[in-house]
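Coordinates from model39.cif are shown below (mmCIF, C-alpha atoms).
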```cif
data_run
loop_
_atom_site.label_atom_id
_atom_site.label_comp_id
_atom_site.auth_asym_id
_atom_site.auth_seq_id
_atom_site.Cartn_x
_atom_site.Cartn_y
_atom_site.Cartn_z
CA MET A 33 129.73 16.22 68.39
CA ASN A 34 131.12 19.61 69.33
CA HIS A 35 131.04 21.13 72.79
CA GLU A 36 128.05 23.41 72.13
CA GLU A 37 125.93 20.53 70.88
CA ALA A 38 126.94 18.27 73.73
CA LEU A 39 126.24 20.90 76.39
CA ASN A 40 122.73 21.33 74.96
CA LEU A 41 122.07 17.61 75.18
CA VAL A 42 123.12 17.19 78.81
CA PRO A 43 119.54 17.28 80.19
CA ALA A 44 118.33 14.69 77.67
CA TYR A 45 121.31 12.45 78.43
CA SER A 46 120.71 12.63 82.16
CA ASP A 47 117.04 11.83 81.56
CA ASN A 48 117.90 8.79 79.40
CA GLU A 49 116.15 10.42 76.47
CA LEU A 50 118.94 10.13 73.88
CA SER A 51 119.05 7.36 71.30
CA VAL A 52 121.87 4.82 71.66
CA ALA A 53 123.81 6.48 68.84
CA GLU A 54 123.37 9.99 70.24
CA ALA A 55 124.30 8.81 73.73
CA ALA A 56 127.49 7.19 72.43
CA GLY A 57 128.50 10.37 70.59
CA PHE A 58 127.68 12.42 73.65
CA GLU A 59 129.71 10.17 75.94
CA ARG A 60 132.77 10.42 73.69
CA HIS A 61 132.70 14.16 74.28
CA LEU A 62 131.68 13.95 77.94
CA ASN A 63 134.64 11.79 78.90
CA GLY A 64 137.04 14.57 78.02
CA CYS A 65 135.05 17.67 78.98
CA ASP A 66 135.04 19.07 82.50
CA GLU A 67 132.30 21.61 81.86
CA CYS A 68 129.91 18.99 80.48
CA GLN A 69 130.71 16.65 83.35
CA GLN A 70 129.88 19.35 85.86
CA GLU A 71 126.70 20.18 84.02
CA TYR A 72 125.76 16.51 83.95
CA ALA A 73 126.40 16.10 87.67
CA GLU A 74 124.22 19.13 88.42
CA GLN A 75 121.36 17.90 86.23
CA VAL A 76 121.45 14.46 87.85
CA ARG A 77 121.66 15.95 91.33
CA MET A 78 118.75 18.39 90.89
CA SER A 79 116.62 15.80 89.14
CA ALA A 80 117.12 13.29 91.98
CA LEU A 81 116.53 15.98 94.59
CA VAL A 82 113.15 16.96 93.17
CA LYS A 83 112.15 13.38 92.43
CA HIS A 84 112.79 12.18 95.95
CA ASN A 85 112.13 15.23 98.09
CA ALA A 86 109.47 17.38 96.47
CA VAL A 87 105.96 16.97 97.84
CA TYR A 88 103.58 14.79 95.87
CA PHE A 89 100.11 16.15 96.55
CA GLU A 90 97.49 13.45 96.79
CA ALA A 91 93.84 14.21 96.24
CA SER A 92 91.68 14.16 99.35
CA PRO A 93 88.84 11.60 99.62
CA GLN A 94 86.47 14.58 99.79
CA LEU A 95 87.55 15.67 96.32
CA ALA A 96 86.69 12.26 94.88
CA LYS A 97 83.25 12.46 96.53
CA ARG A 98 82.76 15.98 95.27
CA LEU A 99 83.55 14.89 91.70
CA VAL A 100 81.12 12.00 91.83
CA ALA A 101 78.43 14.35 93.12
CA ALA A 102 79.14 16.97 90.47
CA LEU A 103 79.19 14.72 87.45
CA PRO A 104 75.54 13.67 86.91
CA LYS A 105 74.35 17.26 87.27
CA ALA A 106 76.75 18.43 84.66
CA GLN A 107 75.62 15.75 82.25
CA SER A 108 71.86 16.04 82.49
CA SER A 109 71.48 15.85 78.74
CA LYS A 110 71.09 12.24 77.74
CA LYS A 111 74.08 11.66 75.63
CA THR A 112 74.82 7.97 75.53
CA ASN A 113 77.25 7.52 72.71
CA SER A 114 80.25 7.28 75.01
CA ILE A 115 81.70 3.82 75.41
CA TRP A 116 82.01 4.47 79.11
CA ASP A 117 78.52 5.45 80.07
CA TRP A 118 79.60 7.53 83.02
CA ASN A 119 76.14 9.04 83.42
CA TRP A 120 74.63 5.67 83.96
CA ILE A 121 77.33 4.36 86.25
CA ILE A 122 77.27 7.36 88.52
CA ALA A 123 73.53 8.10 88.54
CA TRP A 124 72.69 4.68 89.89
CA GLY A 125 74.30 5.43 93.21
CA GLY A 126 74.71 2.17 95.13
CA LYS A 127 74.58 -0.02 92.07
CA GLY A 128 76.84 2.42 90.32
CA ALA A 129 79.44 2.13 93.04
CA VAL A 130 79.41 -1.66 92.75
CA MET A 131 79.71 -1.36 89.00
CA ALA A 132 82.51 1.18 89.24
CA SER A 133 84.53 -0.99 91.58
CA LEU A 134 83.98 -3.99 89.31
CA VAL A 135 85.28 -1.96 86.40
CA ALA A 136 88.24 -0.88 88.53
CA ILE A 137 89.02 -4.48 89.53
CA VAL A 138 88.86 -5.77 85.97
CA TRP A 139 90.93 -2.84 84.76
CA SER A 140 93.66 -3.17 87.37
CA THR A 141 93.80 -6.95 87.00
CA SER A 142 94.32 -6.70 83.28
CA LEU A 143 97.01 -4.07 83.87
CA PHE A 144 98.66 -6.37 86.36
CA LEU A 145 98.63 -9.28 83.96
CA ALA A 146 99.86 -7.23 81.03
CA THR A 147 102.92 -5.77 82.72
CA PRO A 148 105.96 -7.92 83.45
CA SER A 149 106.65 -8.47 87.12
CA PHE A 150 108.63 -5.77 88.89
CA GLN A 151 111.53 -8.14 89.48
CA GLU A 152 111.62 -9.17 85.81
CA LYS A 153 111.67 -5.57 84.67
CA LEU A 154 114.38 -4.64 87.14
CA THR A 155 116.55 -7.61 86.09
CA GLY A 156 116.20 -6.52 82.47
CA GLU A 157 117.16 -2.95 83.32
CA LEU A 158 120.22 -4.07 85.28
CA ILE A 159 121.47 -6.30 82.47
CA ALA A 160 120.90 -3.55 79.92
CA SER A 161 122.88 -1.15 82.09
CA HIS A 162 125.66 -3.70 82.59
CA ILE A 163 125.96 -4.30 78.84
CA ARG A 164 125.82 -0.57 78.09
CA SER A 165 128.59 0.06 80.60
CA LEU A 166 130.84 -2.32 78.64
CA GLN A 167 129.86 -1.13 75.17
CA VAL A 168 130.45 2.58 75.11
CA ASP A 169 133.65 2.67 77.09
CA HIS A 170 131.81 4.09 80.02
CA LEU A 171 132.42 1.58 82.75
CA SER A 172 133.71 4.11 85.24
CA ASP A 173 133.17 7.82 85.86
CA VAL A 174 135.87 7.75 88.49
CA ILE A 175 138.70 5.31 87.99
CA SER A 176 140.57 4.39 91.11
CA THR A 177 141.57 1.32 93.02
CA ASP A 178 141.49 3.33 96.22
CA GLN A 179 138.24 3.19 98.17
CA HIS A 180 139.10 6.56 99.75
CA THR A 181 138.99 8.15 96.30
CA VAL A 182 135.87 6.40 95.05
CA LYS A 183 133.70 6.96 98.12
CA PRO A 184 134.09 10.77 98.31
CA TRP A 185 133.43 11.00 94.58
CA PHE A 186 129.85 9.84 95.19
CA LYS A 187 129.35 12.52 97.79
CA GLY A 188 127.26 15.36 96.43
CA MET A 189 126.09 13.26 93.51
CA LEU A 190 123.68 11.13 95.52
CA ASP A 191 121.24 11.47 98.38
CA PHE A 192 122.73 8.41 100.06
CA SER A 193 126.21 7.11 100.77
CA PRO A 194 127.08 3.81 99.11
CA PRO A 195 129.58 1.51 100.83
CA VAL A 196 132.86 1.25 98.94
CA ILE A 197 135.06 -1.64 100.05
CA ASP A 198 138.12 -3.02 98.32
CA PHE A 199 138.36 -6.79 97.99
CA SER A 200 141.77 -7.08 96.33
CA SER A 201 142.86 -9.57 98.95
CA SER A 202 140.12 -11.97 97.86
CA GLY A 203 140.91 -11.47 94.17
CA PHE A 204 138.23 -8.85 93.46
CA PRO A 205 140.05 -5.51 93.16
CA LEU A 206 138.10 -2.27 93.11
CA GLU A 207 138.18 -0.54 89.74
CA GLY A 208 136.05 2.58 90.15
CA GLY A 209 132.55 3.96 90.36
CA ARG A 210 129.88 5.66 88.30
CA LEU A 211 126.30 6.91 88.47
CA ASP A 212 123.52 5.13 86.67
CA TYR A 213 119.77 5.34 86.38
CA ILE A 214 117.86 2.23 87.37
CA ASN A 215 114.33 1.58 88.58
CA GLY A 216 113.39 5.25 88.24
CA ARG A 217 116.20 6.65 90.35
CA THR A 218 119.87 7.53 90.32
CA VAL A 219 121.95 4.71 91.74
CA ALA A 220 125.58 4.19 92.67
CA VAL A 221 127.56 1.62 90.71
CA ILE A 222 130.78 0.31 92.16
CA ILE A 223 132.97 -1.57 89.72
CA TYR A 224 135.17 -4.54 90.54
CA HIS A 225 136.85 -7.09 88.34
CA HIS A 226 138.02 -10.65 88.63
CA ASN A 227 140.39 -12.10 86.02
CA LYS A 228 139.26 -9.57 83.38
CA HIS A 229 135.58 -10.14 84.14
CA PRO A 230 134.03 -6.78 85.06
CA ILE A 231 131.54 -6.84 87.92
CA ASN A 232 129.02 -4.06 88.44
CA LEU A 233 127.67 -3.62 91.96
CA TYR A 234 124.48 -1.52 91.99
CA VAL A 235 123.43 0.13 95.24
CA TRP A 236 120.43 2.20 96.17
CA PRO A 237 118.37 2.80 99.32
CA ASP A 238 115.25 0.73 99.70
CA SER A 239 112.93 0.70 102.66
CA SER A 240 111.82 -2.91 102.26
CA LYS A 241 113.25 -5.37 104.73
CA ASP A 242 116.50 -7.27 104.61
CA SER A 243 116.74 -10.32 102.39
CA GLY A 244 119.43 -12.92 101.87
CA LEU A 245 121.33 -13.69 98.67
CA GLN A 246 119.22 -14.64 95.66
CA ASN A 247 120.76 -15.81 92.40
CA THR A 248 119.32 -15.22 88.95
CA ASN A 249 120.65 -16.04 85.51
CA ARG A 250 119.47 -14.20 82.44
CA ASN A 251 120.84 -13.85 78.91
CA GLY A 252 124.03 -15.55 80.07
CA TYR A 253 124.64 -13.03 82.83
CA ASN A 254 124.60 -13.88 86.50
CA LEU A 255 122.93 -11.65 89.04
CA VAL A 256 122.94 -11.83 92.81
CA HIS A 257 120.59 -9.69 94.86
CA TRP A 258 120.27 -8.95 98.58
CA ALA A 259 119.12 -6.17 100.86
CA VAL A 260 120.61 -5.16 104.16
CA ASN A 261 120.46 -2.09 106.39
CA GLY A 262 117.90 -0.40 104.18
CA MET A 263 119.99 -0.70 101.01
CA ASP A 264 119.35 -2.78 97.93
CA TYR A 265 122.36 -4.51 96.33
CA TRP A 266 122.67 -6.18 92.93
CA VAL A 267 125.83 -7.59 91.42
CA VAL A 268 125.85 -8.30 87.69
CA SER A 269 128.60 -10.04 85.76
CA ASP A 270 129.43 -12.64 83.16
CA LEU A 271 131.57 -14.29 85.81
CA GLU A 272 130.51 -17.84 86.62
CA ALA A 273 127.74 -18.06 89.20
CA ARG A 274 129.76 -19.85 91.91
CA LYS A 275 132.51 -17.23 91.96
CA LEU A 276 130.10 -14.33 91.75
CA THR A 277 128.14 -15.75 94.66
CA SER A 278 131.28 -16.06 96.78
CA PHE A 279 132.07 -12.43 95.98
CA ALA A 280 128.53 -11.43 96.92
CA GLU A 281 128.82 -13.42 100.13
CA SER A 282 131.94 -11.64 101.26
CA LEU A 283 130.34 -8.26 100.45
CA HIS A 284 127.18 -9.28 102.25
CA ASN A 285 129.17 -10.35 105.30
CA GLN A 286 131.02 -7.04 105.42
CA LEU A 287 127.87 -4.97 104.96
CA GLY A 288 125.78 -7.13 107.26
CA LYS A 289 127.78 -6.03 110.25
CA PRO A 290 125.48 -3.80 112.29
CA MET A 291 125.91 -0.20 111.19
CA LYS A 292 124.97 2.86 113.18
CA ALA A 293 121.75 2.58 115.16
CA ARG A 294 120.01 0.06 113.02
CA GLY A 295 121.00 -3.48 113.98
CA GLN A 296 120.05 -6.71 112.38
CA GLU A 297 116.67 -8.17 113.07
CA MET B 879 88.43 8.02 89.82
CA PRO B 880 91.28 7.14 87.46
CA HIS B 881 94.37 9.39 87.66
CA LEU B 882 92.82 11.66 90.28
CA ASP B 883 96.06 11.96 92.26
CA SER B 884 98.08 12.86 89.16
CA ALA B 885 95.51 15.49 88.19
CA PHE B 886 95.46 16.98 91.67
CA ASN B 887 99.25 16.94 92.06
CA LEU B 888 99.74 18.88 88.82
CA ALA B 889 96.95 21.35 89.63
CA ARG B 890 98.28 21.86 93.15
CA TRP B 891 101.77 22.61 91.83
CA LEU B 892 100.42 25.09 89.27
CA THR B 893 98.24 26.92 91.79
CA HIS B 894 99.03 28.00 95.32
CA GLY B 895 96.21 26.53 97.32
CA ASN B 896 94.14 23.40 97.83
CA GLN B 897 90.87 25.15 97.05
CA GLU B 898 91.96 26.43 93.64
CA ALA B 899 93.55 23.09 92.79
CA GLU B 900 90.37 21.19 93.67
CA ASP B 901 88.23 23.57 91.62
CA ILE B 902 90.52 23.10 88.64
CA VAL B 903 90.52 19.32 88.97
CA GLN B 904 86.73 19.28 89.17
CA GLU B 905 86.40 21.47 86.09
CA ALA B 906 88.96 19.32 84.26
CA PHE B 907 87.14 16.08 85.08
CA LEU B 908 83.86 17.57 83.86
CA ARG B 909 85.53 18.50 80.60
CA ALA B 910 87.18 15.09 80.38
CA PHE B 911 83.88 13.24 80.75
CA LYS B 912 82.24 15.56 78.28
CA PHE B 913 84.90 15.07 75.64
CA PHE B 914 85.69 11.45 76.34
CA ASP B 915 84.62 10.57 72.80
CA SER B 916 87.41 12.69 71.41
CA PHE B 917 90.05 10.71 73.28
CA HIS B 918 91.89 8.47 70.82
CA GLY B 919 95.27 8.20 72.49
CA ASP B 920 96.57 5.27 74.44
CA ASN B 921 97.44 7.07 77.66
CA GLY B 922 94.48 8.42 79.61
CA ARG B 923 96.69 10.05 82.20
CA VAL B 924 98.57 12.15 79.64
CA TRP B 925 95.28 13.15 78.04
CA LEU B 926 93.78 14.12 81.41
CA LEU B 927 96.86 16.08 82.49
CA GLY B 928 96.63 18.07 79.25
CA ILE B 929 93.05 18.99 80.16
CA VAL B 930 94.05 19.90 83.73
CA ARG B 931 96.75 22.18 82.37
CA ASN B 932 94.43 23.88 79.87
CA THR B 933 91.81 24.36 82.55
CA PHE B 934 94.41 25.94 84.79
CA TYR B 935 95.61 28.39 82.14
CA THR B 936 92.06 29.44 81.25
CA TRP B 937 91.36 30.03 84.93
CA TYR B 938 94.71 31.78 85.41
CA GLN B 939 94.06 34.22 82.54
CA GLN B 940 90.65 35.11 83.94
CA ASN B 941 91.95 35.59 87.45
CA LYS B 942 94.92 37.60 86.34
CA GLN B 943 92.62 40.11 84.71
CA GLN B 944 90.66 40.43 87.91
CA SER B 945 94.01 40.70 89.67
CA GLN B 946 92.83 38.50 92.48
CA TYR B 947 95.72 36.16 92.10
CA THR B 948 98.08 38.03 94.33
CA GLN B 949 97.40 36.36 97.64
CA TYR B 950 100.00 33.81 98.44
CA GLU B 951 98.58 31.09 100.54
CA ASP B 952 101.49 30.14 102.69
CA ASP B 953 100.30 26.91 104.15
CA LEU B 954 103.65 25.18 104.12
CA HIS B 955 103.53 24.60 107.81
CA SER B 956 99.98 23.37 107.95
CA SER B 957 98.61 21.32 105.11
CA GLU B 958 101.80 20.77 103.14
CA ALA B 959 103.62 19.51 106.18
CA SER B 960 101.29 16.55 106.34
CA PHE B 961 102.25 15.62 102.81
CA TYR B 962 105.91 15.31 103.57
CA ARG B 963 107.05 11.82 103.01
CA SER B 964 107.93 10.55 106.41
CA ALA B 965 111.56 9.83 106.92
CA GLU B 966 112.18 6.31 108.02
CA GLU B 967 115.07 7.22 110.20
CA SER B 968 114.90 7.00 113.94
CA ASN B 969 117.26 9.93 114.33
CA PRO B 970 115.29 13.06 115.25
CA GLU B 971 118.10 15.38 114.25
CA ALA B 972 118.32 13.86 110.80
CA ILE B 973 114.56 14.15 110.41
CA LEU B 974 114.71 17.80 111.43
CA MET B 975 117.46 18.51 108.93
CA GLN B 976 115.60 16.68 106.24
CA LYS B 977 112.37 18.57 106.98
CA ASP B 978 114.29 21.81 106.81
CA SER B 979 115.88 21.03 103.46
CA GLN B 980 112.53 19.80 102.15
CA ARG B 981 110.96 23.10 103.15
CA LEU B 982 113.73 24.99 101.33
CA LEU B 983 113.25 22.85 98.24
CA GLN B 984 109.50 23.42 98.36
CA GLU B 985 109.97 27.19 98.57
CA ALA B 986 112.56 27.17 95.80
CA LEU B 987 110.26 25.21 93.47
CA ARG B 988 107.48 27.71 94.18
CA GLU B 989 109.80 30.53 93.14
CA LEU B 990 110.62 28.92 89.80
CA PRO B 991 108.82 30.43 86.80
CA ILE B 992 105.75 28.35 86.05
CA GLU B 993 106.99 27.14 82.64
CA PHE B 994 109.95 25.50 84.36
CA ARG B 995 107.97 24.28 87.35
CA GLU B 996 105.38 22.47 85.28
CA VAL B 997 107.89 20.47 83.20
CA MET B 998 109.78 19.49 86.35
CA VAL B 999 106.61 18.30 88.09
CA MET B 1000 105.63 16.28 85.01
CA ARG B 1001 109.10 14.80 84.62
CA GLU B 1002 110.20 14.11 88.19
CA LEU B 1003 106.91 13.57 90.00
CA GLU B 1004 104.73 12.13 87.25
CA ASP B 1005 107.58 10.28 85.53
CA LEU B 1006 106.47 11.35 82.06
CA THR B 1007 108.71 11.09 78.99
CA TYR B 1008 109.80 14.11 76.93
CA LYS B 1009 107.33 13.03 74.26
CA GLN B 1010 104.42 12.90 76.70
CA ILE B 1011 105.31 16.29 78.19
CA ALA B 1012 105.64 17.74 74.69
CA ASP B 1013 102.14 16.42 73.87
CA ILE B 1014 100.62 17.93 77.00
CA ILE B 1015 102.17 21.39 76.62
CA GLN B 1016 102.12 21.32 72.79
CA ILE B 1017 105.76 22.29 72.41
CA PRO B 1018 108.63 20.50 70.63
CA MET B 1019 110.58 17.87 72.59
CA GLY B 1020 113.71 20.03 72.28
CA THR B 1021 111.92 22.77 74.20
CA VAL B 1022 110.97 20.28 76.91
CA MET B 1023 114.66 19.39 77.21
CA SER B 1024 115.87 22.98 77.38
CA ARG B 1025 113.19 23.98 79.90
CA LEU B 1026 114.13 21.05 82.14
CA GLY B 1027 117.80 21.90 81.83
CA ARG B 1028 117.32 25.59 82.57
CA GLY B 1029 114.79 24.88 85.30
CA ARG B 1030 117.18 22.60 87.16
CA LYS B 1031 120.00 25.13 86.90
CA GLN B 1032 117.78 27.90 88.17
CA LEU B 1033 116.51 25.70 90.99
CA ALA B 1034 120.11 24.97 92.01
CA ALA B 1035 120.85 28.71 92.01
CA ILE B 1036 117.78 29.54 94.12
CA LEU B 1037 118.65 26.77 96.57
CA ALA B 1038 122.25 27.94 96.81
CA ALA B 1039 121.07 31.48 97.58
CA LYS B 1040 118.67 30.21 100.22
CA THR B 1041 121.32 28.06 101.85
CA GLN B 1042 123.63 31.08 101.92
CA GLN B 1043 121.06 33.02 103.88
CA GLY B 1044 121.51 30.40 106.55
CA GLY B 1045 118.78 29.36 108.94
CA SER B 1046 116.91 32.66 108.69
CA GLN B 1047 113.22 31.99 108.16
#
```
Write-out of the structure in structure tokens:
Amino acid sequence: MNHEEALNLVPAYSDNELSVAEAAGFERHLNGCDECQQEYAEQVRMSALVKHNAVYFEASPQLAKRLVAALPKAQSSKKTNSIWDWNWIIAWGGKGAVMASLVAIVWSTSLFLATPSFQEKLTGELIASHIRSLQVDHLSDVISTDQHTVKPWFKGMLDFSPPVIDFSSSGFPLEGGRLDYINGRTVAVIIYHHNKHPINLYVWPDSSKDSGLQNTNRNGYNLVHWAVNGMDYWVVSDLEARKLTSFAESLHNQLGKPMKARGQE
Amino acid sequence: MPHLDSAFNLARWLTHGNQEAEDIVQEAFLRAFKFFDSFHGDNGRVWLLGIVRNTFYTWYQQNKQQSQYTQYEDDLHSSEASFYRSAEESNPEAILMQKDSQRLLQEALRELPIEFREVMVMRELEDLTYKQIADIIQIPMGTVMSRLGRGRKQLAAILAAKTQQGGSQ
């Protein structure tokens, strides 16, 4: 892939819209091209900015009422070949409302049953990202064992500041960092290793409340999850569960120390 | 009403005011119910957003001819303010700064040409794929990509210019 082609594909790459083969070719170029890296950083930054900060306009309850009122009048002609007989549902007023909510309940329940649980989906995404990071020689965007190099690198790329702590003394040296896209947002990934086993630590802000360490095993990979101080943490590795948990524990202990105004509940 | 919020959000980003957006959504829902038989896709939201967009452009063409579409309803400080996602921080200064940068972003997005704004709203706020956006606008996926890319660059440039101006309002 030449520079011109790669530069054109930057938006699609940052939106995860390239095929695996295209993405691999793109990354081979990206790793050695400053201009494409800058372009990529800008695309990711602007995308995250709009996604998280632009106003989402919700419809007012009055609009919903207005629509219900407008519909029967507009459909006075008796046309009943639609599978959803809207005319009938709406024209019956009270009964119609009951019917409509029944339809809504059945519909949302079936949706709920059909989709995998949020946690399951997230676990799958994390493992896919972990594997991808090992496959295409794209473990780190910034390679450094110095936390004072890795932390500033994230600045300007993200709308939050991930904690970067070196654990060399406990046998888990810092290796670098990169950006990734998980759960519909850009996240920070901090990379450690232990005896040649790479460990990806995923961090993103989450408003749900703190939770302790939870272990999961899937496809032979171990995952540990916790949340503290408004941040979600996931570590993923092929390292054995006991060691990974002890690593997660030491991270959790460091991060769990009260930061800024928000203490521990 | 299924997908009402999505329909309204898109309409509200295409137009400048609540009233126009609500009129467009109402018209779009009437059309949707009327033509429900012709819906054979698997994603009702994508189908509906396509109708919302067509309704908007029909309305926009008519209003442009009557040249009544010049008033800019600057209601950022009234109705839009209430839409701002509340910051969960307890630090008033941080909230103030965030509100300020959100206002700048809002203004900058409004200044973007509509063909860039609409793909960005569909991508970032409605979480649609390139394929879905391409279906709605009836353009190739490559055009979706290039509009997103150029839109983001232009947005960055507008924001940079606004930040340069400093706190002037």
*Identify every residue of chain A that has at least one atom within 7 Å of any atom of chain B, counting all atoms listed in the file, and report the result as a PyMOL selection string.*
chain A and resi 43-44+75+78-79+82-83+85-91+95-96+99+103+114
Residues just named, written with C-alpha atoms as a JSON list (two decimals), in the frame of the given file:
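The resulting file, part.json, is shown below:
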```
[["chain", "number", "residue", "atom", "x", "y", "z"],
["A", 43, "PRO", "CA", 119.54, 17.28, 80.19],
["A", 44, "ALA", "CA", 118.33, 14.69, 77.67],
["A", 75, "GLN", "CA", 121.36, 17.90, 86.23],
["A", 78, "MET", "CA", 118.75, 18.39, 90.89],
["A", 79, "SER", "CA", 116.62, 15.80, 89.14],
["A", 82, "VAL", "CA", 113.15, 16.96, 93.17],
["A", 83, "LYS", "CA", 112.15, 13.38, 92.43],
["A", 85, "ASN", "CA", 112.13, 15.23, 98.09],
["A", 86, "ALA", "CA", 109.47, 17.38, 96.47],
["A", 87, "VAL", "CA", 105.96, 16.97, 97.84],
["A", 88, "TYR", "CA", 103.58, 14.79, 95.87],
["A", 89, "PHE", "CA", 100.11, 16.15, 96.55],
["A", 90, "GLU", "CA", 97.49, 13.45, 96.79],
["A", 91, "ALA", "CA", 93.84, 14.21, 96.24],
["A", 95, "LEU", "CA", 87.55, 15.67, 96.32],
["A", 96, "ALA", "CA", 86.69, 12.26, 94.88],
["A", 99, "LEU", "CA", 83.55, 14.89, 91.70],
["A", 103, "LEU", "CA", 79.19, 14.72, 87.45],
["A", 114, "SER", "CA", 80.25, 7.28, 75.01]]
```
*Would you mind listing what lies within 10 Å of Phe186 in chain A as JSON, numbers by chain, with all atoms listed in the file counted and same-chain residues fewer than 6 positions away left out?*
{"A": [174, 192, 193, 194, 196, 209, 210, 211, 220, 221]}
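The two atoms in question, CA of Ile1015 in chain B and CA of Gly928 in chain B, are spaced 7.0 Å apart.
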*Run the PyMOL selection byres ((chain A and resi 258) around 8) on the file and write out the hits as number ranges by chain.*
A: 242-246, 256-257, 259-260, 264-266, 284
Store the residues of this selection in a file with C-alpha atoms, as an mmCIF file, in the coordinates of the input.
```
data_model
loop_
_atom_site.group_PDB
_atom_site.id
_atom_site.type_symbol
_atom_site.label_atom_id
_atom_site.label_comp_id
_atom_site.auth_asym_id
_atom_site.auth_seq_id
_atom_site.Cartn_x
_atom_site.Cartn_y
_atom_site.Cartn_z
ATOM 1 C CA ASP A 242 116.500 -7.270 104.610
ATOM 2 C CA SER A 243 116.740 -10.320 102.390
ATOM 3 C CA GLY A 244 119.430 -12.920 101.870
ATOM 4 C CA LEU A 245 121.330 -13.690 98.670
ATOM 5 C CA GLN A 246 119.220 -14.640 95.660
ATOM 6 C CA VAL A 256 122.940 -11.830 92.810
ATOM 7 C CA HIS A 257 120.590 -9.690 94.860
ATOM 8 C CA ALA A 259 119.120 -6.170 100.860
ATOM 9 C CA VAL A 260 120.610 -5.160 104.160
ATOM 10 C CA ASP A 264 119.350 -2.780 97.930
ATOM 11 C CA TYR A 265 122.360 -4.510 96.330
ATOM 12 C CA TRP A 266 122.670 -6.180 92.930
ATOM 13 C CA HIS A 284 127.180 -9.280 102.250
#
```
*What is the distance, in Å and to one decimal place, between CA of Asp238 in chain A and CA of Asn261 in chain A?*
8.9 Å
*Residues at most 9 Å from His61 in chain A, counting only C-alpha atoms, excluding those fewer than 2 positions away in the same chain, as a PyMOL selection string?*
chain A and resi 33-35+38+56-59+63-65+68
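Taking CA of Phe994 in chain B as the reference point, CA of Ala55 in chain A is found at 24.4 Å.
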*Residues at most 12 Å from Lys275 in chain A, counting all atoms listed in the file, excluding those fewer than 5 positions away in the same chain, as a VMD selection string?*
chain A and resid 202 to 204 225 to 227 229 231 247 254 to 256 267 to 270 280 to 282
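Between Leu892 in chain B and the candidates B:Gln939, B:Ile1011, B:Arg988, B:Asn921, the tightest atom-to-atom separation, counting all atoms listed in the file, involves B:Arg988.
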_Test item: residues at most 10 Å from Asn932 in chain B, all atoms listed in the file, excluding those fewer than 3 positions along its chain, as number ranges by chain_ = B: 902, 906, 926-929, 935-938, 1014-1015
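Distance annotation: of A:Asp212, A:Glu272, A:Asp191, A:Asp66, the residue with the minimal separation from Pro230 in chain A is A:Glu272; atom set is only C-alpha atoms.
Using all atoms listed in the file, the nearest neighbour of Ala1012 in chain B within the list B:Val924, B:Ala986, B:Ile1036, B:Ile992 is B:Val924.
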Would you place a box with edges along x, y and z of the file around all atoms of range 221-233 of chain A listed there, add 5 Å to each of its six sides, and report the centre and edge lengths in Å to one decimal, as JSON?
```
{"center_x": 134.0, "center_y": -5.2, "center_z": 87.8, "size_x": 22.8, "size_y": 23.7, "size_z": 18.8}
```
